[in-house]
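Notes for the one structure printed next.
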Amino acid sequence: MPSHLEIINARKAFRTPEGGRLIALDGISLRLATAEFVTLLGPSGCGKTTLLRTISGFETLDDGDVVIDGIAMTQTPAHRRPVNTVFQRYALFDHMNVARNVGYALEIAGRDKREIRTRVGEMLELVGLTGMEKRSISQLSGGQQQRVALARALAGKPKLLLLDEPLSALDKNLRQKMQHELKTIQRELGIGFVFVTHDQEEALTMSDRIAVLAHGQIQQVEPPSVLYQRPANLFTADFLGESNLLRATLDGSQARLSDGQTFDAPRAAGEATLLLRPESLGFAVPEGPKLSFTGRIRETYYSGKDHQIELETLAFGTIRAVIRANGTVPEIGREVTLHASATGLHLIDEVAP
Amino acid sequence: MLRRLLTVYGLMFFVFVYAPIFLMVVYSFNANTLNMMIWSGFTLDWYRQIFGFETSITDSTTYVDSSAQLYAAIRTSLTVAFSTSILSTVFGTALALAVARYRFRLAGIYRTLLMVPMIMPDIVLGIALLIFFISIGMNLSIMTIIIGQSTFLISYVFVTVSARLAEFDTSVEEASADLGATPAQTFRKVTLPGIAPGILGGWLLAFIISMDDLVITYFIAGTGNTTLPIHIWGMLRRGIKPEINAIATLMLLFTLVIAGVGLYLRSRRQK
Ligand SMILES: Nc1ncnc2c1ncn2[C@@H]1O[C@H](COP(=O)(O)OP(=O)(O)OP(=O)(O)O)[C@@H](O)[C@H]1O
Ligand SMILES: [Mg+2]
């Protein structure tokens, strides 16, 4: 697949008012295939917005390069880059009405009025704001403004769209609807998306690949299922979803947990961390090799879909498990045993300090 | 107790500021030709008088030598005010943009220097300008008035536009560039409309101050160019007569109309 966007060893440091230097991007490399949907996921302040701003041309890199469709963009000013952005803080033109905001890219491109009007209508329909052409920006709710920002960025049919938390102000229903719409638009138009979100579920359901960022560096880039099941390091394992991280000692063929249980692990001897996702634990005893954890139930949470259980064990402290809502849930304080199959377990070559 | 004191203080403030203006307006309608402090009836004669209409007032009591001179003074003042306010709005806005957008050494000092003309005593400014024009061999004319007034009115526009720029969110300019607009297009379609209330405010302020300036203009006007304030000053030197009240009242009305138009345009933009 040809690469559509390529970020090569991007470095950026900011001078802080306190006189120090803050490294926002610390050697980031990322490739985006044509029409790929990549999500940047990471804690607040890890450099996601900064990375988007270097792609759109509002920050100049200290080192490294941004290449779009094979052309290095370092010398290209923002207005000549084939990239549109949905800004984290919308940045709508509040002296123009909704229609002029949405049609801005086309107005700049010198399209004729009738074409602009049609396109604006289509875009507003897409984001569920049909008939709001004449509204002024201050007459819109936060969520409506966010959707105008989205429509405005899409109207010019960019090759590449950067979205900085574009759905953060929407309620759950609207959010899910817009997630589907966005995914459909992205697939139909065949444009690349670089998407920023704090919502893990959103990242997992929408992305072709997720890039986990921390401290200005990419921790791991993988498709959602790989990232979830086989995180490369403790940060990714911990950041994405719930996890039980258990220390294991390897002897070359077997791994031993701190309570003496063992399982097959044909890899180099040393220390590692076993990742057990809560949903891999259950009351049913699996066939074949297994791991078992006995303890007292400390807390249960009901989420609608399932019950989350916190099991207090002697050897490992709290172990989390997720049980389907139609199963019966033992009451708090009871002593129970949870089991997990011991095949295909994921070990992380890193131990918590 | 404190509340009462503050109320009284507030009332006195308004009395001191507005009583003279109020009296002036009242006197401009007073029919008493001998002593304008004593009310003897309502008349519009003073207004008719300054516009050169026939009135019952005999010529000996008035000092408007001829309404032609007054008209000429008004014309000069308007010409000066329009030219100066436009000139200083263009330059003041450009300076405000430069200082707000570009980081350069000594920007702080530059900003301060730009404000100095506002606190400089008029006399000093007047003398300085006069000496300057003479030393470069420029004859005093309407041109020197326009240039001279612009030098300090730029400061007023600079301050008004700077205030607006400070609260203007530059992220919309980025959004505009992001959507493909060249810097010039962004300026025209986003920046300019965004700071327009500040520019308009600065322009009106410059216009009103220009119309009203006496001291500085007096120094650099030369003999042939009489602005309205200079004309009124000339009349006053021969004694205060009621038609002065009428002229001042008209000027007040004119200023209020301009300020009102400014406020109206501003409130319409913000909606
Ligand atoms: N113009 C700037 N000057 C100085 N520091 C900056 C500047 N812009 C960003 N930073 C710093 O760079 C770091 C990365 O910021 P960035 O906005 O990219 O974070 P983010 O990942 O988008 O966070 P969030 O999820 O909260 O939006 C932060 O520590 C921030 O304080
Ligand atoms: Mg951000």
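Residues in the structure tokens are named by chain (A, B, ... in the order shown) and by number from 1 within that chain; ligands are numbered from 1 in the order shown.
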List all protein, DNA and RNA residues that have any atom at most 12 Å from ligand 2, counting only C-alpha atoms and all ligand atoms, and write the list as JSON, numbers by chain. {"A": [24, 40, 41, 42, 43, 44, 45, 46, 47, 48, 49, 50, 51, 52, 53, 86, 87, 88, 89, 90, 162, 163, 164, 165, 166, 168, 195, 196, 197, 198]}
Quick one: which residues from chain B are at most 6 Å off chain A, using only C-alpha atoms, as a ChimeraX atom specification? /B:171-172,177-181
Written selection (N, CA and C atoms) as a PDB file, in the first residue's frame:
ATOM      1  N   SER B 171      -6.938  31.557  16.682  1.00  0.00           N
ATOM      2  CA  SER B 171      -7.165  30.209  16.155  1.00  0.00           C
ATOM      3  C   SER B 171      -8.091  30.238  14.933  1.00  0.00           C
ATOM      4  N   VAL B 172      -8.956  31.251  14.812  1.00  0.00           N
ATOM      5  CA  VAL B 172      -9.805  31.306  13.617  1.00  0.00           C
ATOM      6  C   VAL B 172      -8.983  31.645  12.375  1.00  0.00           C
ATOM      7  N   ALA B 177      -6.633  29.486   7.289  1.00  0.00           N
ATOM      8  CA  ALA B 177      -5.489  28.999   6.505  1.00  0.00           C
ATOM      9  C   ALA B 177      -5.636  27.508   6.240  1.00  0.00           C
ATOM     10  N   ASP B 178      -6.101  26.806   7.255  1.00  0.00           N
ATOM     11  CA  ASP B 178      -6.275  25.361   7.133  1.00  0.00           C
ATOM     12  C   ASP B 178      -7.229  25.011   5.992  1.00  0.00           C
ATOM     13  N   LEU B 179      -8.221  25.875   5.785  1.00  0.00           N
ATOM     14  CA  LEU B 179      -9.211  25.623   4.736  1.00  0.00           C
ATOM     15  C   LEU B 179      -8.759  26.186   3.398  1.00  0.00           C
ATOM     16  N   GLY B 180      -7.512  26.614   3.318  1.00  0.00           N
ATOM     17  CA  GLY B 180      -6.942  26.973   2.030  1.00  0.00           C
ATOM     18  C   GLY B 180      -6.816  28.456   1.735  1.00  0.00           C
ATOM     19  N   ALA B 181      -7.180  29.310   2.680  1.00  0.00           N
ATOM     20  CA  ALA B 181      -7.125  30.743   2.412  1.00  0.00           C
ATOM     21  C   ALA B 181      -5.691  31.258   2.504  1.00  0.00           C
TER      22      ALA B 181
END
Any idea what's packed within 9 Å of Thr236 in chain A, counting only C-alpha atoms, ignoring anything in its chain fewer than 3 positions away? Could you give it as a list in words?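 Surrounding residues, per the criterion: Val212, Leu213, Gln219, Gln220, Leu227, Tyr228, Pro231, Ala232, Asn233, Phe239 and Leu240 of chain A.
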Skip range 274-285 of chain A itself and residues of its chain fewer than 6 positions away, then list as an mmCIF file with all heavy atoms, in the first residue's frame all residues within 8 Å of it, counting only C-alpha atoms.
data_model
loop_
_atom_site.group_PDB
_atom_site.id
_atom_site.type_symbol
_atom_site.label_atom_id
_atom_site.label_comp_id
_atom_site.auth_asym_id
_atom_site.auth_seq_id
_atom_site.Cartn_x
_atom_site.Cartn_y
_atom_site.Cartn_z
ATOM 1 N N ALA A 237 -0.570 -1.561 28.041
ATOM 2 C CA ALA A 237 -1.474 -2.525 28.668
ATOM 3 C C ALA A 237 -2.364 -1.833 29.681
ATOM 4 O O ALA A 237 -3.573 -2.074 29.761
ATOM 5 C CB ALA A 237 -0.664 -3.615 29.340
ATOM 6 N N GLU A 242 -9.059 -2.323 30.957
ATOM 7 C CA GLU A 242 -8.733 -2.803 32.295
ATOM 8 C C GLU A 242 -7.776 -3.971 32.156
ATOM 9 O O GLU A 242 -7.835 -4.731 31.182
ATOM 10 C CB GLU A 242 -10.009 -3.298 32.982
ATOM 11 C CG GLU A 242 -11.020 -2.213 33.247
ATOM 12 C CD GLU A 242 -10.748 -1.513 34.564
ATOM 13 O OE1 GLU A 242 -10.185 -2.166 35.468
ATOM 14 O OE2 GLU A 242 -11.073 -0.320 34.677
ATOM 15 N N SER A 243 -6.880 -4.129 33.118
ATOM 16 C CA SER A 243 -5.977 -5.259 33.005
ATOM 17 C C SER A 243 -5.515 -5.726 34.378
ATOM 18 O O SER A 243 -5.461 -4.954 35.332
ATOM 19 C CB SER A 243 -4.768 -4.888 32.151
ATOM 20 O OG SER A 243 -4.175 -3.720 32.675
ATOM 21 N N ASN A 244 -5.226 -7.040 34.477
ATOM 22 C CA ASN A 244 -4.537 -7.592 35.635
ATOM 23 C C ASN A 244 -3.110 -7.847 35.196
ATOM 24 O O ASN A 244 -2.878 -8.559 34.216
ATOM 25 C CB ASN A 244 -5.189 -8.904 36.062
ATOM 26 C CG ASN A 244 -6.624 -8.681 36.502
ATOM 27 O OD1 ASN A 244 -6.896 -7.969 37.450
ATOM 28 N ND2 ASN A 244 -7.556 -9.290 35.766
ATOM 29 N N LEU A 245 -2.166 -7.230 35.852
ATOM 30 C CA LEU A 245 -0.764 -7.392 35.480
ATOM 31 C C LEU A 245 -0.057 -8.155 36.603
ATOM 32 O O LEU A 245 0.077 -7.649 37.719
ATOM 33 C CB LEU A 245 -0.127 -6.011 35.267
ATOM 34 C CG LEU A 245 -0.739 -5.219 34.106
ATOM 35 C CD1 LEU A 245 -0.310 -3.772 34.138
ATOM 36 C CD2 LEU A 245 -0.365 -5.857 32.766
ATOM 37 N N LEU A 246 0.363 -9.391 36.271
ATOM 38 C CA LEU A 246 0.946 -10.256 37.296
ATOM 39 C C LEU A 246 2.396 -10.545 36.958
ATOM 40 O O LEU A 246 2.727 -10.909 35.821
ATOM 41 C CB LEU A 246 0.159 -11.570 37.381
ATOM 42 C CG LEU A 246 -1.365 -11.429 37.472
ATOM 43 C CD1 LEU A 246 -2.015 -12.812 37.514
ATOM 44 C CD2 LEU A 246 -1.779 -10.623 38.686
ATOM 45 N N ARG A 247 3.237 -10.420 37.935
ATOM 46 C CA ARG A 247 4.651 -10.660 37.724
ATOM 47 C C ARG A 247 4.905 -12.160 37.542
ATOM 48 O O ARG A 247 4.339 -12.988 38.255
ATOM 49 C CB ARG A 247 5.411 -10.163 38.936
ATOM 50 C CG ARG A 247 6.854 -9.909 38.676
ATOM 51 C CD ARG A 247 7.434 -9.269 39.925
ATOM 52 N NE ARG A 247 8.839 -9.063 39.744
ATOM 53 C CZ ARG A 247 9.418 -7.889 39.950
ATOM 54 N NH1 ARG A 247 8.688 -6.859 40.328
ATOM 55 N NH2 ARG A 247 10.710 -7.761 39.789
ATOM 56 N N ALA A 248 5.757 -12.485 36.553
ATOM 57 C CA ALA A 248 6.051 -13.893 36.301
ATOM 58 C C ALA A 248 7.550 -14.081 36.139
ATOM 59 O O ALA A 248 8.241 -13.206 35.622
ATOM 60 C CB ALA A 248 5.335 -14.371 35.045
ATOM 61 N N ARG A 320 -9.261 -8.298 38.825
ATOM 62 C CA ARG A 320 -10.535 -7.867 38.249
ATOM 63 C C ARG A 320 -11.051 -8.880 37.241
ATOM 64 O O ARG A 320 -10.273 -9.434 36.464
ATOM 65 C CB ARG A 320 -10.370 -6.539 37.514
ATOM 66 C CG ARG A 320 -10.206 -5.369 38.409
ATOM 67 C CD ARG A 320 -9.780 -4.166 37.581
ATOM 68 N NE ARG A 320 -8.852 -3.354 38.353
ATOM 69 C CZ ARG A 320 -9.259 -2.508 39.293
ATOM 70 N NH1 ARG A 320 -10.544 -2.338 39.534
ATOM 71 N NH2 ARG A 320 -8.381 -1.822 39.979
ATOM 72 N N ALA A 321 -12.349 -9.073 37.266
ATOM 73 C CA ALA A 321 -12.964 -9.965 36.289
ATOM 74 C C ALA A 321 -14.268 -9.354 35.808
ATOM 75 O O ALA A 321 -14.859 -8.515 36.495
ATOM 76 C CB ALA A 321 -13.233 -11.327 36.913
ATOM 77 N N VAL A 322 -14.689 -9.732 34.606
ATOM 78 C CA VAL A 322 -15.958 -9.251 34.066
ATOM 79 C C VAL A 322 -16.831 -10.450 33.737
ATOM 80 O O VAL A 322 -16.411 -11.356 33.008
ATOM 81 C CB VAL A 322 -15.730 -8.402 32.800
ATOM 82 C CG1 VAL A 322 -17.058 -8.054 32.166
ATOM 83 C CG2 VAL A 322 -14.967 -7.145 33.146
ATOM 84 N N ILE A 323 -18.012 -10.498 34.314
ATOM 85 C CA ILE A 323 -18.932 -11.611 34.109
ATOM 86 C C ILE A 323 -20.171 -11.084 33.404
ATOM 87 O O ILE A 323 -20.672 -10.016 33.753
ATOM 88 C CB ILE A 323 -19.374 -12.203 35.475
ATOM 89 C CG1 ILE A 323 -18.165 -12.441 36.382
ATOM 90 C CG2 ILE A 323 -20.194 -13.463 35.279
ATOM 91 C CD1 ILE A 323 -17.253 -13.532 35.944
ATOM 92 N N THR A 337 -13.519 -18.943 43.388
ATOM 93 C CA THR A 337 -12.331 -19.169 42.576
ATOM 94 C C THR A 337 -12.640 -18.790 41.137
ATOM 95 O O THR A 337 -13.670 -19.189 40.585
ATOM 96 C CB THR A 337 -11.897 -20.637 42.639
ATOM 97 O OG1 THR A 337 -11.634 -20.975 43.993
ATOM 98 C CG2 THR A 337 -10.637 -20.863 41.819
ATOM 99 N N LEU A 338 -11.748 -17.989 40.547
ATOM 100 C CA LEU A 338 -11.880 -17.601 39.138
ATOM 101 C C LEU A 338 -10.822 -18.350 38.333
ATOM 102 O O LEU A 338 -9.710 -18.578 38.817
ATOM 103 C CB LEU A 338 -11.676 -16.092 38.977
ATOM 104 C CG LEU A 338 -12.786 -15.197 39.522
ATOM 105 C CD1 LEU A 338 -12.300 -13.767 39.626
ATOM 106 C CD2 LEU A 338 -14.020 -15.281 38.622
ATOM 107 N N HIS A 339 -11.200 -18.726 37.100
ATOM 108 C CA HIS A 339 -10.273 -19.472 36.265
ATOM 109 C C HIS A 339 -10.019 -18.753 34.953
ATOM 110 O O HIS A 339 -10.883 -18.027 34.461
ATOM 111 C CB HIS A 339 -10.846 -20.861 35.938
ATOM 112 C CG HIS A 339 -11.235 -21.622 37.155
ATOM 113 N ND1 HIS A 339 -10.334 -22.305 37.942
ATOM 114 C CD2 HIS A 339 -12.444 -21.801 37.735
ATOM 115 C CE1 HIS A 339 -10.971 -22.866 38.945
ATOM 116 N NE2 HIS A 339 -12.261 -22.576 38.845
ATOM 117 N N ALA A 340 -8.832 -18.987 34.405
ATOM 118 C CA ALA A 340 -8.523 -18.493 33.061
ATOM 119 C C ALA A 340 -7.757 -19.576 32.324
ATOM 120 O O ALA A 340 -6.939 -20.278 32.932
ATOM 121 C CB ALA A 340 -7.683 -17.227 33.147
ATOM 122 N N SER A 341 -8.029 -19.707 31.046
ATOM 123 C CA SER A 341 -7.281 -20.675 30.254
ATOM 124 C C SER A 341 -5.817 -20.251 30.191
ATOM 125 O O SER A 341 -5.509 -19.058 30.055
ATOM 126 C CB SER A 341 -7.873 -20.743 28.844
ATOM 127 O OG SER A 341 -6.986 -21.453 28.014
ATOM 128 N N LEU A 345 -1.415 -17.095 26.391
ATOM 129 C CA LEU A 345 -1.298 -15.949 27.299
ATOM 130 C C LEU A 345 -0.263 -14.962 26.766
ATOM 131 O O LEU A 345 0.683 -15.348 26.079
ATOM 132 C CB LEU A 345 -0.896 -16.429 28.697
ATOM 133 C CG LEU A 345 -1.988 -17.223 29.433
ATOM 134 C CD1 LEU A 345 -1.440 -17.798 30.727
ATOM 135 C CD2 LEU A 345 -3.195 -16.345 29.706
ATOM 136 N N HIS A 346 -0.472 -13.692 27.084
ATOM 137 C CA HIS A 346 0.441 -12.665 26.588
ATOM 138 C C HIS A 346 1.366 -12.195 27.701
ATOM 139 O O HIS A 346 0.916 -11.758 28.759
ATOM 140 C CB HIS A 346 -0.345 -11.482 26.028
ATOM 141 C CG HIS A 346 0.534 -10.382 25.526
ATOM 142 N ND1 HIS A 346 1.469 -10.582 24.535
ATOM 143 C CD2 HIS A 346 0.644 -9.080 25.878
ATOM 144 C CE1 HIS A 346 2.110 -9.446 24.296
ATOM 145 N NE2 HIS A 346 1.624 -8.524 25.103
ATOM 146 N N LEU A 347 2.664 -12.297 27.444
ATOM 147 C CA LEU A 347 3.660 -11.825 28.406
ATOM 148 C C LEU A 347 4.300 -10.538 27.906
ATOM 149 O O LEU A 347 4.596 -10.390 26.719
ATOM 150 C CB LEU A 347 4.740 -12.896 28.591
ATOM 151 C CG LEU A 347 4.365 -14.082 29.489
ATOM 152 C CD1 LEU A 347 5.334 -15.220 29.286
ATOM 153 C CD2 LEU A 347 4.322 -13.660 30.950
ATOM 154 N N ILE A 348 4.489 -9.601 28.798
ATOM 155 C CA ILE A 348 5.145 -8.336 28.455
ATOM 156 C C ILE A 348 6.550 -8.358 29.044
ATOM 157 O O ILE A 348 6.731 -8.680 30.223
ATOM 158 C CB ILE A 348 4.350 -7.147 29.035
ATOM 159 C CG1 ILE A 348 2.945 -7.122 28.425
ATOM 160 C CG2 ILE A 348 5.067 -5.833 28.793
ATOM 161 C CD1 ILE A 348 1.978 -6.231 29.162
#
So which residues touch Pro242 in chain B within 7 Å, counting only C-alpha atoms, skipping near sequence neighbours fewer than 2 positions away, as a list in words? Tyr27, Ser28, Met36, Trp46, Ile240, Ile244, Asn245 and Ala246 of chain B
Those residues you just picked out, can you put them in a file as a PDB file, in the first residue's frame with N, CA and C atoms?
ATOM      1  N   TYR B  27     -29.637  77.852  27.436  1.00  0.00           N
ATOM      2  CA  TYR B  27     -29.378  79.234  27.012  1.00  0.00           C
ATOM      3  C   TYR B  27     -29.457  79.402  25.505  1.00  0.00           C
ATOM      4  N   SER B  28     -29.144  78.328  24.771  1.00  0.00           N
ATOM      5  CA  SER B  28     -29.163  78.462  23.319  1.00  0.00           C
ATOM      6  C   SER B  28     -30.580  78.693  22.798  1.00  0.00           C
ATOM      7  N   MET B  36     -27.987  86.686  28.864  1.00  0.00           N
ATOM      8  CA  MET B  36     -28.414  85.323  28.559  1.00  0.00           C
ATOM      9  C   MET B  36     -28.621  84.484  29.817  1.00  0.00           C
ATOM     10  N   TRP B  46     -31.222  82.135  17.635  1.00  0.00           N
ATOM     11  CA  TRP B  46     -29.763  81.960  17.631  1.00  0.00           C
ATOM     12  C   TRP B  46     -29.351  80.950  16.572  1.00  0.00           C
ATOM     13  N   ILE B 240     -18.715  86.518  25.276  1.00  0.00           N
ATOM     14  CA  ILE B 240     -19.579  85.362  25.124  1.00  0.00           C
ATOM     15  C   ILE B 240     -20.970  85.825  24.711  1.00  0.00           C
ATOM     16  N   ILE B 244     -23.068  81.415  20.441  1.00  0.00           N
ATOM     17  CA  ILE B 244     -22.031  80.434  20.770  1.00  0.00           C
ATOM     18  C   ILE B 244     -22.687  79.194  21.370  1.00  0.00           C
ATOM     19  N   ASN B 245     -23.663  79.451  22.247  1.00  0.00           N
ATOM     20  CA  ASN B 245     -24.393  78.330  22.840  1.00  0.00           C
ATOM     21  C   ASN B 245     -25.022  77.464  21.757  1.00  0.00           C
ATOM     22  N   ALA B 246     -25.579  78.123  20.765  1.00  0.00           N
ATOM     23  CA  ALA B 246     -26.242  77.379  19.694  1.00  0.00           C
ATOM     24  C   ALA B 246     -25.237  76.554  18.904  1.00  0.00           C
TER      25      ALA B 246
END
For Gln217 in chain A, please output as a tab-separated table (two decimals) with N, CA and C atoms, in the first residue's frame all residues within 7 Å (counting only C-alpha atoms; exclusion window: fewer than 2 positions along the same chain).
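Ended up saving to out31.tsv:
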chain	number	residue	atom	x	y	z
A	25	LEU	N	7.32	16.52	21.15
A	25	LEU	CA	7.44	15.39	20.24
A	25	LEU	C	8.89	14.91	20.30
A	26	ASP	N	9.06	13.65	20.65
A	26	ASP	CA	10.40	13.15	20.90
A	26	ASP	C	10.74	12.04	19.91
A	27	GLY	N	10.86	12.41	18.64
A	27	GLY	CA	11.23	11.43	17.63
A	27	GLY	C	10.08	10.53	17.23
A	28	ILE	N	9.02	11.14	16.69
A	28	ILE	CA	7.85	10.35	16.30
A	28	ILE	C	7.90	9.99	14.82
A	213	LEU	N	0.42	7.11	22.37
A	213	LEU	CA	1.47	8.10	22.62
A	213	LEU	C	1.65	8.32	24.11
A	214	ALA	N	2.86	8.54	24.52
A	214	ALA	CA	3.13	9.00	25.88
A	214	ALA	C	4.47	9.70	25.88
A	215	HIS	N	4.55	10.78	26.62
A	215	HIS	CA	5.80	11.54	26.74
A	215	HIS	C	6.40	11.87	25.37
A	219	GLN	N	4.33	4.69	21.66
A	219	GLN	CA	4.60	3.47	22.43
A	219	GLN	C	4.37	2.24	21.56
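Here CA of Leu314 in chain A is placed at a distance of 10.5 Å from CA of Ser258 in chain A.
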Give me, as a VMD selection string, all polymer residues having an atom no more than 10 Å from Ile232 in chain B, counting only C-alpha atoms and skipping those fewer than 5 positions away in the same chain. chain B and resid 64 70 73 214 226 to 227 237 244 247 to 248
Nearest-residue call for ligand 1, choices A:Ala13, A:Leu126, A:Val194, A:Ala203, using only C-alpha atoms and all ligand atoms: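 Checking each candidate against ligand 1, we get A:Ala13 as the closest.
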Between CA of Leu95 in chain B and CA of Thr76 in chain A, distance in Å (one decimal): 27.8 Å
Would you please extract all alpha helix (DSSP H) residues from range 4-172 of chain A, as assigned by DSSP on the backbone, and give them as a ChimeraX atom specification? /A:48-56,98-102,104-108,113-126,142-155,172
Pick from B:Gln185, B:Thr76, B:Thr84, B:Ser176: nearest to Gly224 in chain B, with only C-alpha atoms counted?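 Ranking B:Gln185, B:Thr76, B:Thr84, B:Ser176 by distance to Gly224 in chain B, first place goes to B:Thr76.
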Kindly give the distance, in Å, that separates CA of Glu310 in chain A and CA of Asp238 in chain A, rounded to a single decimal. 16.6 Å
